[in-house]
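Worksheet for the structure shown next.
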Amino acid sequence: MTFPLISFYVFAAITTLAALAVITVRSPVHAALCLVLTFFSAACTWLLADAEFLAIVLVLVYVGAVMVLFLFVVMMLDVDIDPLREGFIKALPVGLLVAVVMLVEMLTLIGVRALQLPAPGDPALAAGMSNTQWLAMALFSQYLLPFEIAALILTVAIVAAIPLTLRRRQGVRMQDPARQVRVQPGERLRIVKMVAEKPAPQPETSSP
């Protein structure tokens with residue numbers, strides 16, 4: 001057994017245990033930290049498979065940005081998780097059954113595809129480039145139009161999400177960006193001239 005294979009088994013075991021801890025620990029903050037460990041261990045397995053770009057994206061995007069947002073929201077919100085855990089325990093047997101069936105189906109499909117099709121060669125290795133360099137060359141040359149379309153769709157989704165979050169609600173103070181842009185300095189700052197007056201002298205009191 002080679003060292004990369006041993007490392008793969010170790011990283012896979014850590015990923016599985018951390019993923020189970022995400023749905024079993026009581027504290028939401030601990031669950032989010034376990035999810036960070038899950039993403040990082042999965043990125044290590046991608047590195048073993050020579051998929052450097054996927055590993056870097058998994059660490060930078062999910063661990064570095066998404067999980068920080070998750071932790072911020074979890075720590076800012078006071079969520080009562082007891083009713084949620086009661087529903088989770090009741091649905092656990094059905095969820096395990098569905099998960100086992102899905103796992104068997106995926107393994108069956110993987111076995112059938114492995115028997116029918118030969119394993120493809122690594123195009124990055126054949127081109128004499130790293131995985132990240134080959135992916136960048138293919139993305140910005142062969143698949144430039146789908147890449148730009150996907151970027152446009154994401155931009156439209158971000159712009160559409162802003163008006164949805166800025167809708168008026170009763171009893172909630174909302175900001176008006178248009179009014180903030182039209183504001184003038186004179187409306188925010190007013191200089192008031194006041195006459196300086198000397199305080200009146202206090203009468204001296206004689207001590208007994």
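Order determines the names: the first chain of the structure tokens is A, the second B, and so forth; residues in each chain are numbered 1 upward, and ligands are numbered 1 upward as they are shown.
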
Worksheet item: Near Ala21 of chain A, within 10 Å and counting only C-alpha atoms, which residues show up once chain neighbours fewer than 5 positions away are dropped, as a ChimeraX atom specification?
Response: /A:15-16,26,30-35,38

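The nearest approach to Phe72 of chain A among the residues A:Leu135, A:Ala124, A:Met106, A:Val29, with only C-alpha atoms taken into account, belongs to A:Val29.
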
Worksheet item: In terms of the shortest atom-to-atom distance over only C-alpha atoms, which of A:Val94, A:Val59, A:Ala196, A:Ala51 is closest to Trp134 of chain A?
Response: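 Closest to Trp134 of chain A of all the choices is A:Ala51.
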